[in-house]
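What's in target_13.txt: compact mmCIF, C-alpha atoms
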```
# COMPACT_ATOMS: atom_id res chain seq x y z
CA MET L 1 0.00 0.00 0.00
CA ALA L 2 1.31 3.45 -0.94
CA LYS L 3 2.47 5.64 1.91
CA GLN L 4 -0.24 8.03 3.07
CA LYS L 5 0.21 11.66 4.03
CA VAL L 6 -2.61 13.85 5.33
CA ALA L 7 -2.88 17.62 5.01
CA MET L 8 -5.55 19.90 6.42
CA LEU L 9 -6.52 23.54 6.06
CA THR L 10 -9.15 25.93 7.38
CA ALA L 11 -10.51 28.71 5.20
CA GLY L 12 -13.11 31.47 4.89
CA GLY L 13 -14.46 33.28 7.93
CA LEU L 14 -14.12 31.98 11.47
CA ALA L 15 -16.68 29.71 13.11
CA PRO L 16 -16.76 28.11 16.58
CA CYS L 17 -15.52 24.74 15.31
CA LEU L 18 -12.27 25.29 13.44
CA SER L 19 -9.90 24.74 16.35
CA SER L 20 -11.86 21.73 17.53
CA ALA L 21 -12.10 20.21 14.04
CA VAL L 22 -8.32 20.50 13.61
CA GLY L 23 -7.82 18.96 17.02
CA GLY L 24 -10.34 16.24 16.25
CA LEU L 25 -8.63 15.29 12.99
CA ILE L 26 -5.24 15.08 14.71
CA GLU L 27 -6.72 12.94 17.49
CA ARG L 28 -8.60 10.62 15.15
CA TYR L 29 -5.68 9.95 12.84
CA SER L 30 -3.43 9.42 15.86
CA ASP L 31 -5.92 6.80 17.10
CA VAL L 32 -6.71 4.86 13.91
CA ALA L 33 -3.61 5.45 11.76
CA PRO L 34 -0.83 6.74 14.04
CA ASP L 35 1.89 6.14 11.47
CA ILE L 36 0.38 8.53 8.90
CA GLU L 37 2.24 11.82 8.58
CA LEU L 38 0.12 14.93 9.22
CA ILE L 39 0.72 18.48 8.03
CA ALA L 40 -1.39 21.66 8.08
CA TYR L 41 -1.30 24.38 5.45
CA LYS L 42 -1.26 27.83 7.03
CA SER L 43 -3.93 30.38 6.12
CA GLY L 44 -6.06 28.10 3.98
CA TYR L 45 -5.50 27.79 0.23
CA GLN L 46 -2.98 30.62 0.46
CA GLY L 47 -0.70 28.22 2.32
CA VAL L 48 -1.14 25.60 -0.39
CA LEU L 49 -0.22 28.05 -3.17
CA LEU L 50 2.78 29.39 -1.25
CA GLY L 51 3.92 26.04 0.14
CA ASP L 52 3.53 27.32 3.69
CA SER L 53 2.82 24.38 5.99
CA VAL L 54 3.60 23.05 9.45
CA ALA L 55 4.30 19.41 10.34
CA ILE L 56 2.14 18.04 13.15
CA ASN L 57 4.78 16.64 15.49
CA LYS L 58 4.53 14.25 18.43
CA GLU L 59 4.01 17.02 20.99
CA MET L 60 1.24 18.61 18.89
CA ARG L 61 -0.51 15.22 18.67
CA GLU L 62 -0.32 14.74 22.43
CA LYS L 63 -1.69 18.21 23.13
CA ALA L 64 -4.35 18.19 20.38
CA PRO L 65 -7.21 17.83 22.95
CA LEU L 66 -6.38 21.36 24.14
CA LEU L 67 -7.63 22.72 20.81
CA HIS L 68 -11.22 21.94 21.82
CA ARG L 69 -10.99 24.73 24.42
CA TYR L 70 -10.42 27.53 21.94
CA GLY L 71 -12.08 29.47 19.15
CA GLY L 72 -10.40 30.79 16.03
CA SER L 73 -8.17 28.59 13.89
CA PRO L 74 -4.83 27.25 15.11
CA ILE L 75 -3.60 27.11 11.50
CA GLY L 76 -5.04 30.38 10.15
CA ASN L 77 -7.62 31.28 7.51
CA SER L 78 -7.86 33.24 4.26
CA ARG L 79 -10.36 33.72 1.44
CA VAL L 80 -8.79 32.41 -1.78
CA LYS L 81 -10.68 31.22 -4.84
CA LEU L 82 -8.47 28.92 -6.90
CA THR L 83 -10.47 29.57 -10.07
CA ASN L 84 -10.00 33.35 -9.73
CA ALA L 85 -6.52 33.57 -11.27
CA ALA L 86 -6.55 37.36 -11.50
CA ASP L 87 -7.13 37.75 -7.77
CA CYS L 88 -4.45 35.16 -6.95
CA VAL L 89 -1.96 37.04 -9.16
CA LYS L 90 -2.92 40.38 -7.60
CA ARG L 91 -2.28 38.98 -4.14
CA GLY L 92 1.09 37.52 -5.13
CA LEU L 93 -0.02 33.93 -4.64
CA VAL L 94 0.77 32.81 -8.21
CA LYS L 95 2.64 34.31 -11.15
CA GLU L 96 1.00 35.88 -14.20
CA GLY L 97 -0.17 33.14 -16.56
CA GLU L 98 -0.19 30.39 -13.93
CA ASN L 99 -3.33 28.36 -13.21
CA PRO L 100 -3.84 28.40 -9.41
CA LEU L 101 -5.49 24.96 -9.56
CA ARG L 102 -2.38 23.53 -11.22
CA VAL L 103 -0.09 25.32 -8.75
CA ALA L 104 -2.11 23.89 -5.85
CA ALA L 105 -2.15 20.39 -7.38
CA GLU L 106 1.59 20.45 -7.97
CA ARG L 107 2.24 21.66 -4.43
CA LEU L 108 0.15 18.85 -2.96
CA ALA L 109 1.88 16.29 -5.20
CA ASN L 110 5.37 17.61 -4.40
CA ASP L 111 4.55 17.56 -0.69
CA GLY L 112 3.49 13.92 -1.04
CA VAL L 113 -0.05 14.61 0.16
CA THR L 114 -2.55 11.81 -0.53
CA ILE L 115 -5.45 13.12 1.62
CA LEU L 116 -6.55 16.74 1.97
CA HIS L 117 -9.12 17.86 4.55
CA THR L 118 -10.73 21.26 3.90
CA ILE L 119 -12.58 22.80 6.83
CA GLY L 120 -14.80 25.66 5.72
CA GLY L 121 -18.10 26.89 4.37
CA ASP L 122 -19.61 26.71 0.92
CA ASP L 123 -16.87 28.81 -0.70
CA THR L 124 -14.13 26.67 0.86
CA ASN L 125 -15.77 23.44 -0.16
CA THR L 126 -16.85 24.53 -3.65
CA THR L 127 -13.20 25.52 -4.11
CA ALA L 128 -12.30 22.06 -2.79
CA ALA L 129 -14.71 20.63 -5.38
CA ASP L 130 -12.93 22.57 -8.14
CA LEU L 131 -9.60 21.26 -6.87
CA ALA L 132 -10.87 17.67 -6.56
CA ALA L 133 -12.22 17.80 -10.13
CA TYR L 134 -8.92 19.16 -11.43
CA LEU L 135 -6.95 16.50 -9.57
CA ALA L 136 -9.16 13.72 -10.95
CA ALA L 137 -9.06 15.06 -14.51
CA ASN L 138 -5.29 15.38 -14.50
CA GLY L 139 -4.30 12.07 -12.98
CA TYR L 140 -3.42 13.13 -9.43
CA ASP L 141 -4.11 10.43 -6.85
CA LEU L 142 -5.49 12.50 -3.99
CA THR L 143 -8.65 12.25 -1.88
CA VAL L 144 -10.32 15.49 -0.72
CA VAL L 145 -12.77 15.37 2.20
CA GLY L 146 -14.34 18.57 3.50
CA LEU L 147 -15.92 19.47 6.83
CA PRO L 148 -18.77 22.03 6.67
CA LYS L 149 -18.38 25.06 8.90
CA THR L 150 -20.44 28.22 8.74
CA VAL L 151 -22.33 30.16 11.37
CA ASP L 152 -24.95 30.94 8.71
CA ASN L 153 -25.99 27.25 8.49
CA ASP L 154 -26.66 27.72 4.79
CA VAL L 155 -24.80 24.89 3.04
CA VAL L 156 -26.90 22.81 0.60
CA PRO L 157 -27.79 19.95 1.27
CA ILE L 158 -26.36 19.81 4.83
CA ARG L 159 -28.85 19.94 7.69
CA GLN L 160 -26.54 21.45 10.31
CA SER L 161 -23.14 23.04 9.68
CA LEU L 162 -20.43 23.07 12.31
CA GLY L 163 -20.30 26.10 14.60
CA ALA L 164 -23.81 27.44 14.00
CA TRP L 165 -25.34 26.18 17.25
CA THR L 166 -22.51 27.75 19.25
CA ALA L 167 -22.77 31.07 17.40
CA ALA L 168 -26.47 31.32 18.26
CA GLU L 169 -25.87 30.53 21.92
CA VAL L 170 -22.97 32.99 22.23
CA GLY L 171 -24.87 35.68 20.32
CA ALA L 172 -27.68 35.33 22.85
CA HIS L 173 -25.19 35.73 25.70
CA PHE L 174 -23.80 38.85 24.00
CA PHE L 175 -27.22 40.43 23.71
CA ASP L 176 -28.23 39.52 27.26
CA ASN L 177 -25.77 42.22 28.36
CA VAL L 178 -26.47 44.66 25.51
CA SER L 179 -30.21 44.61 26.19
CA ASN L 180 -29.54 46.42 29.47
CA GLU L 181 -28.67 49.50 27.38
CA GLN L 182 -32.44 50.07 27.24
CA THR L 183 -32.12 51.53 30.74
CA ALA L 184 -29.46 54.08 29.73
CA ALA L 185 -31.85 56.70 28.31
CA PRO L 186 -35.56 57.25 27.60
CA ARG L 187 -36.92 56.15 24.19
CA THR L 188 -33.97 53.96 23.29
CA LEU L 189 -33.85 51.84 20.14
CA VAL L 190 -31.40 48.93 20.29
CA ILE L 191 -30.61 47.03 17.10
CA HIS L 192 -28.77 43.73 17.32
CA GLU L 193 -27.13 42.89 13.98
CA VAL L 194 -26.40 39.18 13.56
CA MET L 195 -24.32 37.48 10.85
CA GLY L 196 -26.06 35.88 7.87
CA ARG L 197 -25.47 37.08 4.31
CA HIS L 198 -28.22 35.19 2.49
CA CYS L 199 -29.70 33.06 5.25
CA GLY L 200 -31.60 34.18 8.35
CA TRP L 201 -31.10 30.97 10.33
CA LEU L 202 -28.50 32.42 12.71
CA THR L 203 -30.55 35.54 13.48
CA ALA L 204 -33.64 33.43 14.10
CA ALA L 205 -31.72 30.90 16.18
CA THR L 206 -30.02 33.66 18.20
CA ALA L 207 -33.40 35.23 18.94
CA ARG L 208 -34.73 31.85 20.02
CA ALA L 209 -31.68 31.20 22.23
CA TYR L 210 -31.99 34.65 23.78
CA LEU L 211 -35.68 34.19 24.61
CA GLN L 212 -34.91 30.79 26.12
CA ARG L 213 -32.00 32.24 28.08
CA THR L 214 -34.12 34.99 29.65
CA LYS L 215 -37.45 33.22 30.13
CA GLY L 216 -36.63 32.10 33.66
CA ASN L 217 -35.54 35.55 34.85
CA GLU L 218 -37.08 36.97 38.02
CA TYR L 219 -37.70 40.72 38.32
CA VAL L 220 -38.73 43.28 40.94
CA ASP L 221 -42.30 44.30 40.13
CA GLY L 222 -42.80 47.96 39.32
CA LEU L 223 -39.24 48.71 38.25
CA MET L 224 -37.89 49.18 34.73
CA MET L 225 -35.98 45.89 34.62
CA ASN L 226 -38.79 43.61 33.53
CA ALA L 227 -39.74 40.86 31.09
CA HIS L 228 -40.59 43.22 28.24
CA MET L 229 -37.38 45.19 28.53
CA LYS L 230 -35.47 41.92 28.22
CA SER L 231 -37.52 40.72 25.27
CA ILE L 232 -37.47 41.34 21.49
CA ASP L 233 -39.90 43.46 19.47
CA ALA L 234 -38.85 42.63 15.90
CA VAL L 235 -36.82 40.15 13.86
CA TYR L 236 -35.85 40.86 10.24
CA LEU L 237 -34.38 38.19 7.95
CA PRO L 238 -33.31 38.11 4.28
CA GLU L 239 -36.15 35.68 3.53
CA MET L 240 -38.85 38.01 4.92
CA ALA L 241 -40.77 40.76 3.17
CA PHE L 242 -40.13 44.13 4.82
CA ASP L 243 -42.73 46.92 5.03
CA LEU L 244 -40.96 49.94 6.54
CA ASP L 245 -44.09 52.01 7.18
CA ALA L 246 -46.04 49.19 8.79
CA GLU L 247 -43.13 48.11 10.99
CA ALA L 248 -42.30 51.69 11.97
CA ALA L 249 -45.90 52.25 13.06
CA ARG L 250 -45.91 48.98 15.06
CA LEU L 251 -42.60 49.72 16.75
CA LYS L 252 -43.56 53.33 17.50
CA GLU L 253 -46.63 52.10 19.36
CA ILE L 254 -44.33 49.86 21.41
CA MET L 255 -41.88 52.71 21.98
CA ASP L 256 -44.70 55.06 23.08
CA ARG L 257 -46.03 52.44 25.46
CA THR L 258 -42.83 51.05 26.97
CA GLY L 259 -40.16 53.66 26.29
CA HIS L 260 -37.91 51.33 24.28
CA ALA L 261 -37.76 48.99 21.29
CA THR L 262 -35.49 46.03 20.53
CA VAL L 263 -34.76 44.73 17.03
CA PHE L 264 -32.81 41.68 15.81
CA VAL L 265 -31.68 42.01 12.18
CA SER L 266 -29.70 39.72 9.91
CA GLU L 267 -26.76 41.42 8.19
CA GLY L 268 -28.31 40.24 4.91
CA ALA L 269 -31.79 41.68 5.50
CA CYS L 270 -32.69 44.13 2.71
CA LEU L 271 -29.09 43.78 1.47
CA ASP L 272 -29.96 43.80 -2.24
CA ALA L 273 -32.06 46.94 -1.82
CA ILE L 274 -29.31 48.70 0.13
CA VAL L 275 -26.62 47.77 -2.42
CA ALA L 276 -28.86 48.90 -5.30
CA GLU L 277 -29.51 52.18 -3.47
CA ARG L 278 -25.78 52.83 -3.02
CA GLU L 279 -24.84 51.87 -6.57
CA ALA L 280 -27.61 54.10 -7.94
CA ALA L 281 -26.03 56.93 -5.97
CA GLY L 282 -22.73 56.28 -7.77
CA GLU L 283 -20.97 54.40 -4.99
CA THR L 284 -18.72 51.44 -5.85
CA VAL L 285 -19.61 48.54 -3.57
CA LYS L 286 -16.59 46.39 -2.68
CA ARG L 287 -16.67 42.65 -3.41
CA ASP L 288 -14.38 39.76 -2.45
CA ALA L 289 -12.65 37.15 -4.62
CA PHE L 290 -15.85 35.12 -4.76
CA GLY L 291 -17.89 38.08 -6.02
CA HIS L 292 -19.71 38.54 -2.70
CA VAL L 293 -20.42 42.04 -1.47
CA LYS L 294 -18.03 42.82 1.40
CA ILE L 295 -20.87 42.85 3.85
CA ASP L 296 -18.91 44.51 6.67
CA THR L 297 -18.78 47.65 4.49
CA ILE L 298 -22.57 47.78 4.11
CA ASN L 299 -23.65 48.09 7.76
CA VAL L 300 -27.19 46.83 7.41
CA GLY L 301 -27.87 47.50 11.08
CA ALA L 302 -26.97 51.16 10.57
CA TRP L 303 -29.36 51.31 7.61
CA PHE L 304 -32.21 50.06 9.81
CA GLN L 305 -31.15 52.52 12.50
CA LYS L 306 -31.30 55.38 10.01
CA GLN L 307 -34.78 54.34 8.83
CA PHE L 308 -36.30 53.73 12.24
CA ALA L 309 -34.73 56.26 14.61
CA SER L 310 -36.69 59.29 13.42
CA LEU L 311 -39.89 57.37 12.63
CA LEU L 312 -39.96 56.04 16.20
CA ASP L 313 -39.00 59.42 17.72
CA ALA L 314 -36.12 57.65 19.42
CA GLU L 315 -34.03 59.86 21.66
CA ARG L 316 -31.18 57.35 21.50
CA SER L 317 -30.42 54.54 19.09
CA LEU L 318 -27.51 52.16 18.79
CA VAL L 319 -26.42 49.16 16.73
CA GLN L 320 -24.54 46.32 18.37
CA LYS L 321 -23.02 43.48 16.32
CA SER L 322 -22.44 40.09 17.89
CA GLY L 323 -20.80 38.57 14.81
CA TYR L 324 -17.10 38.57 15.69
CA PHE L 325 -17.81 37.80 19.35
CA ALA L 326 -19.95 34.79 18.38
CA ARG L 327 -17.94 33.37 15.49
CA SER L 328 -14.66 33.37 17.42
CA ALA L 329 -16.00 31.40 20.41
CA PRO L 330 -14.94 27.84 21.24
CA ALA L 331 -17.45 25.13 20.27
CA ASN L 332 -20.20 24.31 22.77
CA GLY L 333 -21.27 20.80 23.79
CA GLU L 334 -23.71 20.34 20.93
CA ASP L 335 -21.16 21.38 18.33
CA LEU L 336 -18.42 19.27 19.91
CA ARG L 337 -20.59 16.17 19.47
CA LEU L 338 -21.38 17.15 15.89
CA ILE L 339 -17.71 17.83 15.15
CA GLN L 340 -16.65 14.45 16.51
CA SER L 341 -19.18 12.56 14.40
CA MET L 342 -18.22 14.43 11.23
CA VAL L 343 -14.48 14.12 11.92
CA ASP L 344 -14.78 10.36 12.44
CA LEU L 345 -16.64 9.99 9.14
CA ALA L 346 -14.19 12.31 7.34
CA VAL L 347 -11.22 10.18 8.41
CA GLU L 348 -12.99 6.94 7.53
CA SER L 349 -13.98 8.30 4.11
CA ALA L 350 -10.49 9.63 3.42
CA LEU L 351 -8.83 6.32 4.23
CA ASN L 352 -11.34 4.63 1.90
CA LYS L 353 -10.64 7.15 -0.90
CA ILE L 354 -14.15 8.66 -0.82
CA SER L 355 -14.09 12.39 -1.62
CA GLY L 356 -16.84 14.82 -0.64
CA VAL L 357 -18.13 16.81 2.33
CA THR L 358 -19.37 15.16 5.52
CA GLY L 359 -22.80 16.16 6.76
CA HIS L 360 -26.37 15.11 7.42
CA ASP L 361 -27.82 14.86 3.91
CA GLU L 362 -31.25 16.49 3.73
CA ALA L 363 -31.96 14.62 0.49
CA GLN L 364 -31.44 11.30 2.29
CA ASN L 365 -33.58 11.82 5.41
CA GLY L 366 -30.77 13.52 7.31
CA LYS L 367 -28.35 10.58 7.06
CA LEU L 368 -24.77 11.39 8.03
CA ARG L 369 -22.67 10.63 4.96
CA THR L 370 -19.94 11.99 2.73
CA ILE L 371 -21.87 14.12 0.27
CA GLU L 372 -20.70 14.39 -3.31
CA PHE L 373 -18.87 17.66 -4.06
CA PRO L 374 -21.05 18.68 -7.06
CA ARG L 375 -24.08 18.82 -4.75
CA ILE L 376 -22.47 21.31 -2.35
CA LYS L 377 -23.45 24.94 -2.69
CA GLY L 378 -24.15 27.94 -0.49
CA GLY L 379 -27.04 30.30 0.05
CA LYS L 380 -29.55 27.80 1.43
CA PRO L 381 -32.46 29.96 2.65
CA PHE L 382 -33.95 29.62 6.10
CA ASP L 383 -37.38 28.01 6.01
CA LEU L 384 -39.80 30.51 7.55
CA ALA L 385 -42.26 27.65 8.09
CA THR L 386 -39.93 26.09 10.68
CA ALA L 387 -42.10 25.39 13.74
CA TRP L 388 -39.78 26.88 16.34
CA PHE L 389 -39.46 30.11 14.34
CA GLY L 390 -43.24 30.44 14.30
CA GLU L 391 -43.21 30.13 18.08
CA VAL L 392 -40.55 32.85 18.37
CA MET L 393 -42.52 35.26 16.20
CA SER L 394 -45.74 34.49 18.03
CA GLN L 395 -44.05 35.22 21.33
CA ILE L 396 -42.80 38.63 20.20
CA GLY L 397 -46.08 39.47 18.44
CA GLN L 398 -44.76 40.11 14.93
CA LYS L 399 -46.62 39.09 11.79
CA TYR L 400 -44.44 38.13 8.82
CA ARG L 401 -44.46 36.71 5.31
CA ALA L 402 -41.93 35.48 2.80
CA ALA L 403 -40.24 37.95 0.48
```

Turn the structure described in the file into structure tokens.
Amino acid sequence: MAKQKVAMLTAGGLAPCLSSAVGGLIERYSDVAPDIELIAYKSGYQGVLLGDSVAINKEMREKAPLLHRYGGSPIGNSRVKLTNAADCVKRGLVKEGENPLRVAAERLANDGVTILHTIGGDDTNTTAADLAAYLAANGYDLTVVGLPKTVDNDVVPIRQSLGAWTAAEVGAHFFDNVSNEQTAAPRTLVIHEVMGRHCGWLTAATARAYLQRTKGNEYVDGLMMNAHMKSIDAVYLPEMAFDLDAEAARLKEIMDRTGHATVFVSEGACLDAIVAEREAAGETVKRDAFGHVKIDTINVGAWFQKQFASLLDAERSLVQKSGYFARSAPANGEDLRLIQSMVDLAVESALNKISGVTGHDEAQNGKLRTIEFPRIKGGKPFDLATAWFGEVMSQIGQKYRAA
């Protein structure tokens, strides 16, 4: 049997699973195939193109369980699209005229890699699919197995991506403190912006986690700190229709009655309309290597603040973003269990030369399997008919419909 060598990389944005997934892969290979050499490419596909890697030595293997305690990535991330040659040239990752896929393939071959694990979201794993297809078409003997991470939980056809549960729980913890800002001044509007470019799952799940977190609170009757002040008045998702006038009137009635209003908004809510508005005004909207709008330059929460603050006669308004706080957290218990199951399958699949992305396949009744790369894509919308979301919206008293 040919000598095996395993490489891994993490790419895209952070999620509360990267450190644990790296640790889990090191632990699993050390258990089932301890003689296999392990390396990690630094900063995602950038490390592959530049040949920047680190060997996983004996001490790293022994201390791998420590990685489950931390957020972030112990091997670094980047956003590199191997089929975007112009961007790779611009960033100094390849030379003019070079095909990044070929450069990556040659690097993997020269490094003796036979198994590559990609830990990332849809962009990372669609790039892995491009690489796997190139490898297969050009005679490279290499198995690519991805692990799905994204706090947006929007990878088709995967039921639950790694890190999303944790991000919702940590986002709720973040807002439990921020909600107390309602006591800082009369007629305060607090907007909580949550990550989610195309999919509202994380915003909805964060709202649900926050309501669950605060439902058992006890308060002193007659004082300002009460159940309503710690609740939510509105949730806005990319999948929902948005009627500014109707919502402003509803929230103003709440503001008049209680002296405050609380809004949860996905960073992708009304995004297309905001981008169109800015481009019509002559502004150039920045995009990344994958063609996505650089959403951190859009400030959707600030757009909602601008629309609502005057309409609600708010004396004070503020936008608080939980995104970086939530996505950089260590994995919680639910995610750790999910990571372990997906890591175990990823290693098994890799050793059996089965390429794809591990996950619970929604097209096969949620079965955990290694899903074929061509079926992986991003932008899976949140289903507004989800029962628990209906309960959340009923609790906060907001009517809604699909966009």

Measuring between all atoms listed in the file, which one of L:Lys286, L:Arg187, L:Arg375, L:Arg79 shows the shortest distance to Thr258 of chain L? L:Arg187

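With atom CA of Ile371 of chain L on one side and atom CA of Ile115 of chain L on the other, the separation reads 16.5 Å.
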
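Using all atoms listed in the file, the smallest distance between any of L:Leu368, L:Ile254, L:Val300, L:Ile295 and Ile339 of chain L comes from L:Leu368.
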
Near segment 202-226 of chain L, 6 Å: segment 166-195 of chain L residue rows, closest pairs, all atoms listed in the file, as a Markdown table:
```
| residue | atom | partner | partner_atom | distance |
| --- | --- | --- | --- | --- |
| L:Ala168 | CA | L:Thr206 | CA | 4.3 |
| L:Glu169 | CA | L:Ala209 | CA | 5.9 |
| L:Gly171 | CA | L:Thr206 | CA | 5.9 |
| L:Ala172 | CA | L:Tyr210 | CA | 4.5 |
| L:Val194 | CA | L:Thr203 | CA | 5.5 |
```

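Of the residues listed (L:Gln340, L:Asn84, L:Asn153, L:Ser317), L:Asn84 shows the shortest atom-to-atom separation from Asp130 of chain L; distances use only C-alpha atoms.
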
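Atom pair atom CA of Gly163 of chain L / atom CA of Val275 of chain L has a distance of 28.3 Å (rounded to one decimal).
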
Within 12 Å of Ala104 of chain L using only C-alpha atoms, minus same-chain residues under 3 positions, as a VMD selection string: chain L and resid 41 44 to 52 80 to 83 85 88 93 to 94 98 to 101 107 to 111 113 116 127 to 128 130 to 132 134 to 135 140

What lies within 9 Å of Glu315 of chain L using only C-alpha atoms, ignoring chain neighbours under 4 positions off, as a VMD selection string? chain L and resid 185 to 189 309 to 310

Per residue of segment 71-180 of chain L within 12 Å of segment 232-241 of chain L, record the nearest atom pair and its distance in Å to one decimal, counting all atoms listed in the file, with rows in chain order and ascending residue number, as CSV.
```
residue,atom,partner,partner_atom,distance
L:Asp152,CA,L:Pro238,CA,11.9
L:Ala172,CA,L:Ile232,CA,11.6
L:Phe175,CA,L:Ile232,CA,10.5
L:Asp176,CA,L:Ile232,CA,11.0
L:Ser179,CA,L:Ile232,CA,9.2
```

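Each of L:Val156, L:Leu318, L:Val190, L:Ala167 was compared to Cys17 of chain L using all atoms listed in the file, and L:Ala167 turns out to be the nearest.
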
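Distance annotation: of L:Met8, L:Phe242, L:Trp201, L:Thr126, the residue with the minimal separation from Ala385 of chain L is L:Trp201; atom set is all atoms listed in the file.
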
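Counting all atoms listed in the file, the residue from L:Phe308, L:Arg287, L:Ser341, L:His192 that sits nearest to Glu267 of chain L is L:His192.
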
Take atom CA of Thr166 of chain L and atom CA of His360 of chain L and report the distance between them in Å, one decimal. 17.7 Å

Using all atoms listed in the file, which residues sit within 12 Å of Glu283 of chain L once same-chain residues fewer than 4 positions away are excluded, as a ChimeraX atom specification? /L:274-279,297-298

Export of the given selection (C-alpha atoms) as a PDB file, in the frame of the given file:
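Written output follows (part.pdb):
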```pdb
ATOM      1  CA  ILE L 274     -29.310  48.700   0.130  1.00  0.00           C
ATOM      2  CA  VAL L 275     -26.620  47.770  -2.420  1.00  0.00           C
ATOM      3  CA  ALA L 276     -28.860  48.900  -5.300  1.00  0.00           C
ATOM      4  CA  GLU L 277     -29.510  52.180  -3.470  1.00  0.00           C
ATOM      5  CA  ARG L 278     -25.780  52.830  -3.020  1.00  0.00           C
ATOM      6  CA  GLU L 279     -24.840  51.870  -6.570  1.00  0.00           C
ATOM      7  CA  THR L 297     -18.780  47.650   4.490  1.00  0.00           C
ATOM      8  CA  ILE L 298     -22.570  47.780   4.110  1.00  0.00           C
TER       9      ILE L 298
END
```

Around all of segment 99-102 of chain L's listed atoms, make the axis-aligned box with 4 Å on each side and tell me centre and edge lengths in Å to one decimal, as JSON.
```
{"center_x": -3.9, "center_y": 26.0, "center_z": -11.3, "size_x": 11.1, "size_y": 12.9, "size_z": 11.8}
```
